[in-house]
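Asks: Sending over final-v7.csv (CSV, N, CA and C atoms).
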chain,number,residue,atom,x,y,z
A,1,MET,N,17.1,101.4,-95.3
A,1,MET,CA,16.2,100.5,-94.7
A,1,MET,C,15.1,100.0,-95.7
A,2,GLY,N,14.2,99.2,-95.2
A,2,GLY,CA,13.2,98.6,-96.1
A,2,GLY,C,11.9,99.4,-96.1
A,3,ASP,N,10.9,98.8,-96.6
A,3,ASP,CA,9.6,99.4,-96.7
A,3,ASP,C,9.0,99.7,-95.3
A,4,THR,N,8.2,100.8,-95.2
A,4,THR,CA,7.5,101.1,-94.0
A,4,THR,C,6.3,100.2,-93.9
A,5,ARG,N,6.0,99.6,-92.8
A,5,ARG,CA,4.9,98.8,-92.5
A,5,ARG,C,4.3,99.1,-91.2
A,6,VAL,N,3.1,98.7,-90.9
A,6,VAL,CA,2.5,98.9,-89.6
A,6,VAL,C,2.5,97.5,-88.9
A,7,VAL,N,3.1,97.6,-87.7
A,7,VAL,CA,3.2,96.4,-86.8
A,7,VAL,C,2.3,96.7,-85.6
A,8,THR,N,1.4,95.8,-85.3
A,8,THR,CA,0.6,96.0,-84.1
A,8,THR,C,1.3,95.3,-82.9
A,9,VAL,N,1.5,96.1,-81.9
A,9,VAL,CA,2.2,95.6,-80.7
A,9,VAL,C,1.2,95.7,-79.5
A,10,GLU,N,1.5,95.0,-78.5
A,10,GLU,CA,0.7,95.1,-77.2
A,10,GLU,C,1.7,95.5,-76.1
A,11,ILE,N,1.3,96.6,-75.5
A,11,ILE,CA,2.1,97.1,-74.3
A,11,ILE,C,1.1,97.5,-73.3
A,12,GLY,N,1.3,97.0,-72.1
A,12,GLY,CA,0.4,97.4,-71.0
A,12,GLY,C,-1.1,96.9,-71.2
A,13,GLY,N,-1.2,95.8,-71.9
A,13,GLY,CA,-2.6,95.3,-72.2
A,13,GLY,C,-3.4,96.0,-73.3
A,14,LEU,N,-2.7,97.0,-74.0
A,14,LEU,CA,-3.3,97.7,-75.1
A,14,LEU,C,-2.6,97.5,-76.3
A,15,ARG,N,-3.3,97.6,-77.4
A,15,ARG,CA,-2.6,97.4,-78.8
A,15,ARG,C,-2.4,98.7,-79.4
A,16,TYR,N,-1.2,98.8,-80.0
A,16,TYR,CA,-0.8,100.0,-80.7
A,16,TYR,C,-0.3,99.7,-82.1
A,17,PRO,N,-0.8,100.4,-83.1
A,17,PRO,CA,-0.2,100.3,-84.4
A,17,PRO,C,1.1,101.1,-84.5
A,18,ILE,N,2.2,100.5,-84.9
A,18,ILE,CA,3.5,101.2,-85.0
A,18,ILE,C,3.9,101.1,-86.4
A,19,ARG,N,4.1,102.3,-87.0
A,19,ARG,CA,4.7,102.4,-88.3
A,19,ARG,C,6.2,102.3,-88.3
A,20,SER,N,6.8,101.4,-89.0
A,20,SER,CA,8.3,101.2,-88.8
A,20,SER,C,8.8,100.6,-90.1
A,21,GLU,N,10.1,100.9,-90.3
A,21,GLU,CA,10.9,100.2,-91.4
A,21,GLU,C,11.7,99.0,-90.8
A,22,LEU,N,11.6,98.9,-89.5
A,22,LEU,CA,12.4,97.8,-88.8
A,22,LEU,C,11.6,96.5,-89.0
A,23,PRO,N,12.4,95.3,-88.9
A,23,PRO,CA,11.7,94.0,-89.1
A,23,PRO,C,10.6,93.9,-88.0
A,24,GLU,N,9.5,93.2,-88.4
A,24,GLU,CA,8.4,93.0,-87.5
A,24,GLU,C,8.8,92.3,-86.2
A,25,ASP,N,9.6,91.3,-86.3
A,25,ASP,CA,10.0,90.6,-85.1
A,25,ASP,C,10.9,91.4,-84.1
A,26,TYR,N,11.6,92.4,-84.7
A,26,TYR,CA,12.4,93.3,-83.9
A,26,TYR,C,11.5,94.3,-83.2
A,27,VAL,N,10.5,94.8,-83.9
A,27,VAL,CA,9.6,95.7,-83.2
A,27,VAL,C,8.8,95.0,-82.1
A,28,GLN,N,8.4,93.8,-82.4
A,28,GLN,CA,7.7,93.0,-81.4
A,28,GLN,C,8.6,92.8,-80.1
A,29,ALA,N,9.9,92.5,-80.4
A,29,ALA,CA,10.8,92.3,-79.3
A,29,ALA,C,11.0,93.6,-78.5
A,30,LEU,N,11.0,94.8,-79.2
A,30,LEU,CA,11.1,96.1,-78.5
A,30,LEU,C,9.8,96.3,-77.6
A,31,ALA,N,8.7,96.0,-78.2
A,31,ALA,CA,7.4,96.1,-77.5
A,31,ALA,C,7.4,95.2,-76.2
A,32,SER,N,7.9,94.0,-76.4
A,32,SER,CA,7.9,93.1,-75.2
A,32,SER,C,8.8,93.6,-74.1
A,33,TYR,N,9.9,94.2,-74.5
A,33,TYR,CA,10.9,94.8,-73.6
A,33,TYR,C,10.2,95.9,-72.8
A,34,VAL,N,9.6,96.8,-73.6
A,34,VAL,CA,8.9,98.0,-73.0
A,34,VAL,C,7.8,97.5,-72.1
A,35,ASP,N,7.0,96.5,-72.5
A,35,ASP,CA,5.9,96.0,-71.7
A,35,ASP,C,6.4,95.4,-70.4
A,36,ALA,N,7.5,94.7,-70.4
A,36,ALA,CA,8.1,94.2,-69.2
A,36,ALA,C,8.5,95.3,-68.3
A,37,LYS,N,9.2,96.3,-68.8
A,37,LYS,CA,9.6,97.4,-68.0
A,37,LYS,C,8.4,98.2,-67.5
A,38,LEU,N,7.4,98.3,-68.3
A,38,LEU,CA,6.1,99.0,-67.8
A,38,LEU,C,5.5,98.2,-66.7
A,39,GLN,N,5.4,96.9,-66.8
A,39,GLN,CA,4.9,96.1,-65.7
A,39,GLN,C,5.7,96.3,-64.4
A,40,ALA,N,7.0,96.2,-64.6
A,40,ALA,CA,7.9,96.4,-63.4
A,40,ALA,C,7.7,97.8,-62.7
A,41,ALA,N,7.5,98.8,-63.5
A,41,ALA,CA,7.3,100.1,-63.0
A,41,ALA,C,5.9,100.2,-62.4
A,42,ALA,N,4.9,99.6,-63.0
A,42,ALA,CA,3.6,99.6,-62.4
A,42,ALA,C,3.5,98.9,-61.1
A,43,ASP,N,4.3,97.9,-60.9
A,43,ASP,CA,4.4,97.1,-59.6
A,43,ASP,C,4.9,98.0,-58.5
A,44,ASP,N,5.8,99.0,-58.9
A,44,ASP,CA,6.4,99.9,-57.9
A,44,ASP,C,5.8,101.3,-57.8
A,45,THR,N,4.7,101.5,-58.5
A,45,THR,CA,4.0,102.8,-58.6
A,45,THR,C,2.6,102.7,-58.2
A,46,GLU,N,2.1,103.8,-57.7
A,46,GLU,CA,0.7,103.9,-57.3
A,46,GLU,C,-0.3,103.5,-58.5
A,47,ALA,N,-1.3,102.7,-58.2
A,47,ALA,CA,-2.2,102.3,-59.2
A,47,ALA,C,-3.0,103.5,-59.7
A,48,GLY,N,-3.4,103.5,-60.9
A,48,GLY,CA,-4.3,104.4,-61.5
A,48,GLY,C,-3.7,105.6,-62.2
A,49,ASP,N,-2.4,105.8,-62.1
A,49,ASP,CA,-1.7,106.9,-62.7
A,49,ASP,C,-0.8,106.4,-63.9
A,50,SER,N,-1.4,106.2,-65.0
A,50,SER,CA,-0.7,105.6,-66.2
A,50,SER,C,0.4,106.5,-66.7
A,51,MET,N,0.2,107.8,-66.6
A,51,MET,CA,1.3,108.7,-67.1
A,51,MET,C,2.5,108.6,-66.2
A,52,LYS,N,2.3,108.5,-64.9
A,52,LYS,CA,3.4,108.3,-64.0
A,52,LYS,C,4.1,107.0,-64.2
A,53,VAL,N,3.4,106.0,-64.5
A,53,VAL,CA,4.0,104.7,-64.8
A,53,VAL,C,4.8,104.8,-66.1
A,54,ALA,N,4.3,105.5,-67.1
A,54,ALA,CA,5.0,105.6,-68.4
A,54,ALA,C,6.3,106.4,-68.2
A,55,ILE,N,6.2,107.5,-67.3
A,55,ILE,CA,7.4,108.3,-67.1
A,55,ILE,C,8.5,107.5,-66.3
A,56,VAL,N,8.0,106.7,-65.3
A,56,VAL,CA,9.0,105.9,-64.6
A,56,VAL,C,9.6,104.9,-65.5
A,57,THR,N,8.8,104.3,-66.4
A,57,THR,CA,9.3,103.3,-67.4
A,57,THR,C,10.4,104.0,-68.3
A,58,ALA,N,10.1,105.1,-68.8
A,58,ALA,CA,11.0,105.8,-69.7
A,58,ALA,C,12.3,106.2,-68.9
A,59,LEU,N,12.2,106.6,-67.7
A,59,LEU,CA,13.4,106.9,-66.9
A,59,LEU,C,14.2,105.6,-66.6
A,60,ASN,N,13.5,104.5,-66.4
A,60,ASN,CA,14.3,103.3,-66.1
A,60,ASN,C,15.0,102.9,-67.4
A,61,ILE,N,14.4,103.0,-68.6
A,61,ILE,CA,15.1,102.6,-69.8
A,61,ILE,C,16.2,103.6,-70.1
A,62,ALA,N,16.0,104.9,-69.9
A,62,ALA,CA,17.0,105.9,-70.1
A,62,ALA,C,18.2,105.6,-69.1
A,63,ASP,N,17.9,105.2,-67.9
A,63,ASP,CA,19.0,104.8,-66.9
A,63,ASP,C,19.8,103.7,-67.5
A,64,GLU,N,19.1,102.6,-68.0
A,64,GLU,CA,19.9,101.5,-68.6
A,64,GLU,C,20.8,102.0,-69.8
A,65,LEU,N,20.2,102.9,-70.6
A,65,LEU,CA,21.0,103.4,-71.7
A,65,LEU,C,22.2,104.1,-71.2
A,66,PHE,N,22.1,105.0,-70.2
A,66,PHE,CA,23.2,105.8,-69.7
A,66,PHE,C,24.2,104.9,-69.1
A,67,ARG,N,23.8,103.9,-68.3
A,67,ARG,CA,24.7,103.0,-67.7
A,67,ARG,C,25.5,102.2,-68.8
A,68,SER,N,24.8,101.8,-69.8
A,68,SER,CA,25.4,101.1,-70.9
A,68,SER,C,26.5,102.0,-71.6
A,69,ARG,N,26.1,103.3,-71.8
A,69,ARG,CA,27.1,104.2,-72.4
A,69,ARG,C,28.3,104.4,-71.5
A,70,ASP,N,28.1,104.5,-70.2
A,70,ASP,CA,29.2,104.6,-69.3
A,70,ASP,C,30.1,103.4,-69.3
A,71,ALA,N,29.5,102.2,-69.4
A,71,ALA,CA,30.2,101.0,-69.4
A,71,ALA,C,31.1,100.8,-70.7
A,72,THR,N,30.6,101.4,-71.8
A,72,THR,CA,31.3,101.2,-73.1
A,72,THR,C,31.9,102.5,-73.7
A,73,ASP,N,31.7,103.6,-72.9
A,73,ASP,CA,32.1,104.9,-73.4
A,73,ASP,C,31.3,105.4,-74.5
A,74,THR,N,31.2,104.7,-75.6
A,74,THR,CA,30.3,105.1,-76.7
A,74,THR,C,29.5,103.9,-77.1
A,75,PRO,N,28.2,104.0,-77.3
A,75,PRO,CA,27.4,102.9,-77.7
A,75,PRO,C,27.7,102.4,-79.1
A,76,GLY,N,27.7,101.1,-79.3
A,76,GLY,CA,28.0,100.6,-80.6
A,76,GLY,C,26.7,100.7,-81.5
A,77,PRO,N,26.9,100.4,-82.7
A,77,PRO,CA,25.7,100.5,-83.7
A,77,PRO,C,24.5,99.7,-83.2
A,78,SER,N,24.7,98.6,-82.6
A,78,SER,CA,23.6,97.8,-82.2
A,78,SER,C,22.8,98.5,-81.1
A,79,VAL,N,23.5,99.0,-80.1
A,79,VAL,CA,22.9,99.7,-79.0
A,79,VAL,C,22.2,101.0,-79.5
A,80,ARG,N,22.8,101.7,-80.4
A,80,ARG,CA,22.2,102.9,-81.0
A,80,ARG,C,20.9,102.6,-81.7
A,81,MET,N,21.0,101.5,-82.5
A,81,MET,CA,19.8,101.1,-83.3
A,81,MET,C,18.7,100.7,-82.4
A,82,ARG,N,19.0,100.0,-81.3
A,82,ARG,CA,17.9,99.6,-80.4
A,82,ARG,C,17.3,100.8,-79.6
A,83,VAL,N,18.2,101.7,-79.2
A,83,VAL,CA,17.7,102.9,-78.6
A,83,VAL,C,16.8,103.7,-79.5
A,84,GLU,N,17.3,104.0,-80.7
A,84,GLU,CA,16.5,104.7,-81.7
A,84,GLU,C,15.2,104.0,-82.0
A,85,ALA,N,15.2,102.7,-82.1
A,85,ALA,CA,13.9,102.0,-82.3
A,85,ALA,C,13.0,102.1,-81.2
A,86,LEU,N,13.5,102.0,-79.9
A,86,LEU,CA,12.7,102.2,-78.7
A,86,LEU,C,12.1,103.6,-78.7
A,87,GLU,N,12.9,104.5,-79.0
A,87,GLU,CA,12.5,105.9,-79.0
A,87,GLU,C,11.3,106.1,-80.0
A,88,HIS,N,11.4,105.5,-81.2
A,88,HIS,CA,10.4,105.6,-82.2
A,88,HIS,C,9.1,104.9,-81.7
A,89,LEU,N,9.3,103.7,-81.1
A,89,LEU,CA,8.2,102.9,-80.6
A,89,LEU,C,7.4,103.7,-79.5
A,90,VAL,N,8.2,104.3,-78.6
A,90,VAL,CA,7.5,105.1,-77.5
A,90,VAL,C,6.8,106.3,-78.1
A,91,GLU,N,7.5,107.0,-79.0
A,91,GLU,CA,6.8,108.2,-79.7
A,91,GLU,C,5.6,107.8,-80.4
A,92,ALA,N,5.6,106.7,-81.2
A,92,ALA,CA,4.4,106.3,-81.9
A,92,ALA,C,3.3,105.9,-81.0
A,93,ALA,N,3.6,105.2,-79.9
A,93,ALA,CA,2.6,104.8,-78.9
A,93,ALA,C,2.0,106.0,-78.2
A,94,LEU,N,2.8,106.9,-77.9
A,94,LEU,CA,2.3,108.1,-77.2
A,94,LEU,C,1.5,109.0,-78.2
A,95,ALA,N,1.9,109.0,-79.5
A,95,ALA,CA,1.2,109.8,-80.5
A,95,ALA,C,-0.2,109.1,-80.8
A,96,ALA,N,-0.2,107.8,-80.7
A,96,ALA,CA,-1.5,107.1,-81.0
A,96,ALA,C,-2.5,107.4,-79.9
A,97,GLY,N,-2.0,107.5,-78.6
A,97,GLY,CA,-2.9,107.8,-77.5
A,97,GLY,C,-3.8,106.7,-77.2
A,98,ALA,N,-4.4,106.8,-76.0
A,98,ALA,CA,-5.3,105.7,-75.6
A,98,ALA,C,-6.5,105.5,-76.5
A,99,PRO,N,-7.1,106.5,-77.2
A,99,PRO,CA,-8.3,106.2,-78.0
A,99,PRO,C,-8.0,105.2,-79.1
A,100,LEU,N,-6.7,105.1,-79.6
A,100,LEU,CA,-6.4,104.2,-80.7
A,100,LEU,C,-6.0,102.8,-80.1
A,101,ALA,N,-5.7,102.8,-78.8
A,101,ALA,CA,-5.4,101.5,-78.2
A,101,ALA,C,-6.6,100.7,-78.0
A,102,THR,N,-6.5,99.4,-78.3
A,102,THR,CA,-7.6,98.5,-78.1
A,102,THR,C,-7.2,97.3,-77.2
A,103,PRO,N,-8.0,96.9,-76.3
A,103,PRO,CA,-7.7,95.7,-75.5
A,103,PRO,C,-7.6,94.5,-76.4
A,104,PRO,N,-6.8,93.5,-76.0
A,104,PRO,CA,-6.7,92.3,-76.8
A,104,PRO,C,-8.0,91.6,-76.9
A,105,GLY,N,-8.3,91.1,-78.1
A,105,GLY,CA,-9.5,90.3,-78.3
A,105,GLY,C,-10.7,91.2,-78.6
A,106,SER,N,-10.5,92.5,-78.8
A,106,SER,CA,-11.7,93.4,-79.0
A,106,SER,C,-11.9,93.7,-80.5
A,107,ASP,N,-11.0,93.1,-81.4
A,107,ASP,CA,-11.1,93.4,-82.8
A,107,ASP,C,-11.9,92.3,-83.5
Since I need it in another form, could you write the structure as structure tokens?
Replies:
Amino acid sequence: MGDTRVVTVEIGGLRYPIRSELPEDYVQALASYVDAKLQAAADDTEAGDSMKVAIVTALNIADELFRSRDATDTPGPSVRMRVEALEHLVEAALAAGAPLATPPGSD
């Protein structure tokens, strides 16, 4: 892979610095996907419980992965790469925690 860089993404209205070797536009696309899934889960979950929303989001994405695996028996390199990148993105965002997240426009 290439050089490690920090890509700032916005998920759930907060900004997260993500260290990655993946192309910036790909990391941004992953973040947009997670943000959309997070919003969908938030719409179906009680307000105020961000951990519950994050867990529901992770379960929904895992469900998509499992269904994709079932449909193709074994995920191809593209699916594996996307899942691994999503996993790293979620881990980095969770490791960053809320104190490092900043609302848009506050920098």
Asks: Mind giving me the straight-line distance from atom CA of Ala42 of chain A to atom N of Arg19 of chain A in Å, one decimal?
Replies: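 Distance reported for this atom pair: 24.8 Å.
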Asks: If we count all atoms listed in the file and set the cut-off at 7 Å, which residues sit around Glu10 of chain A, ignoring sequence neighbours fewer than 6 positions away in its own chain? Please answer as a PyMOL selection string.
Replies: chain A and resi 16+31-32+35
Asks: If you run DSSP on this backbone, which residues of segment 18-68 of chain A come out as helix (DSSP H, G or I), and could you give them as a PyMOL selection string?
Replies: chain A and resi 24-43+50-68
Asks: Quick one: pull the distance between atom CA of Val7 of chain A and atom CA of Glu24 of chain A, Å, one decimal.
Replies: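 Atom-to-atom, atom CA of Val7 of chain A and atom CA of Glu24 of chain A are spaced 6.3 Å apart.
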Asks: Counting only C-alpha atoms, find residues at most 10 Å from (6.1, 109.4, -72.2) (file frame) and give them as an mmCIF file with N, CA and C atoms, in the frame of the given file.
Replies:
data_model
loop_
_atom_site.group_PDB
_atom_site.id
_atom_site.type_symbol
_atom_site.label_atom_id
_atom_site.label_comp_id
_atom_site.auth_asym_id
_atom_site.auth_seq_id
_atom_site.Cartn_x
_atom_site.Cartn_y
_atom_site.Cartn_z
ATOM 1 N N SER A 50 -1.400 106.200 -65.000
ATOM 2 C CA SER A 50 -0.700 105.600 -66.200
ATOM 3 C C SER A 50 0.400 106.500 -66.700
ATOM 4 N N MET A 51 0.200 107.800 -66.600
ATOM 5 C CA MET A 51 1.300 108.700 -67.100
ATOM 6 C C MET A 51 2.500 108.600 -66.200
ATOM 7 N N LYS A 52 2.300 108.500 -64.900
ATOM 8 C CA LYS A 52 3.400 108.300 -64.000
ATOM 9 C C LYS A 52 4.100 107.000 -64.200
ATOM 10 N N VAL A 53 3.400 106.000 -64.500
ATOM 11 C CA VAL A 53 4.000 104.700 -64.800
ATOM 12 C C VAL A 53 4.800 104.800 -66.100
ATOM 13 N N ALA A 54 4.300 105.500 -67.100
ATOM 14 C CA ALA A 54 5.000 105.600 -68.400
ATOM 15 C C ALA A 54 6.300 106.400 -68.200
ATOM 16 N N ILE A 55 6.200 107.500 -67.300
ATOM 17 C CA ILE A 55 7.400 108.300 -67.100
ATOM 18 C C ILE A 55 8.500 107.500 -66.300
ATOM 19 N N VAL A 56 8.000 106.700 -65.300
ATOM 20 C CA VAL A 56 9.000 105.900 -64.600
ATOM 21 C C VAL A 56 9.600 104.900 -65.500
ATOM 22 N N THR A 57 8.800 104.300 -66.400
ATOM 23 C CA THR A 57 9.300 103.300 -67.400
ATOM 24 C C THR A 57 10.400 104.000 -68.300
ATOM 25 N N ALA A 58 10.100 105.100 -68.800
ATOM 26 C CA ALA A 58 11.000 105.800 -69.700
ATOM 27 C C ALA A 58 12.300 106.200 -68.900
ATOM 28 N N LEU A 59 12.200 106.600 -67.700
ATOM 29 C CA LEU A 59 13.400 106.900 -66.900
ATOM 30 C C LEU A 59 14.200 105.600 -66.600
ATOM 31 N N GLU A 87 12.900 104.500 -79.000
ATOM 32 C CA GLU A 87 12.500 105.900 -79.000
ATOM 33 C C GLU A 87 11.300 106.100 -80.000
ATOM 34 N N VAL A 90 8.200 104.300 -78.600
ATOM 35 C CA VAL A 90 7.500 105.100 -77.500
ATOM 36 C C VAL A 90 6.800 106.300 -78.100
ATOM 37 N N GLU A 91 7.500 107.000 -79.000
ATOM 38 C CA GLU A 91 6.800 108.200 -79.700
ATOM 39 C C GLU A 91 5.600 107.800 -80.400
ATOM 40 N N ALA A 93 3.600 105.200 -79.900
ATOM 41 C CA ALA A 93 2.600 104.800 -78.900
ATOM 42 C C ALA A 93 2.000 106.000 -78.200
ATOM 43 N N LEU A 94 2.800 106.900 -77.900
ATOM 44 C CA LEU A 94 2.300 108.100 -77.200
ATOM 45 C C LEU A 94 1.500 109.000 -78.200
ATOM 46 N N ALA A 95 1.900 109.000 -79.500
ATOM 47 C CA ALA A 95 1.200 109.800 -80.500
ATOM 48 C C ALA A 95 -0.200 109.100 -80.800
#
Asks: Using Å and a single decimal, report how far atom CA of Val83 of chain A sits from atom CA of Thr45 of chain A.
Replies: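 Those two atoms sit 24.2 Å apart.
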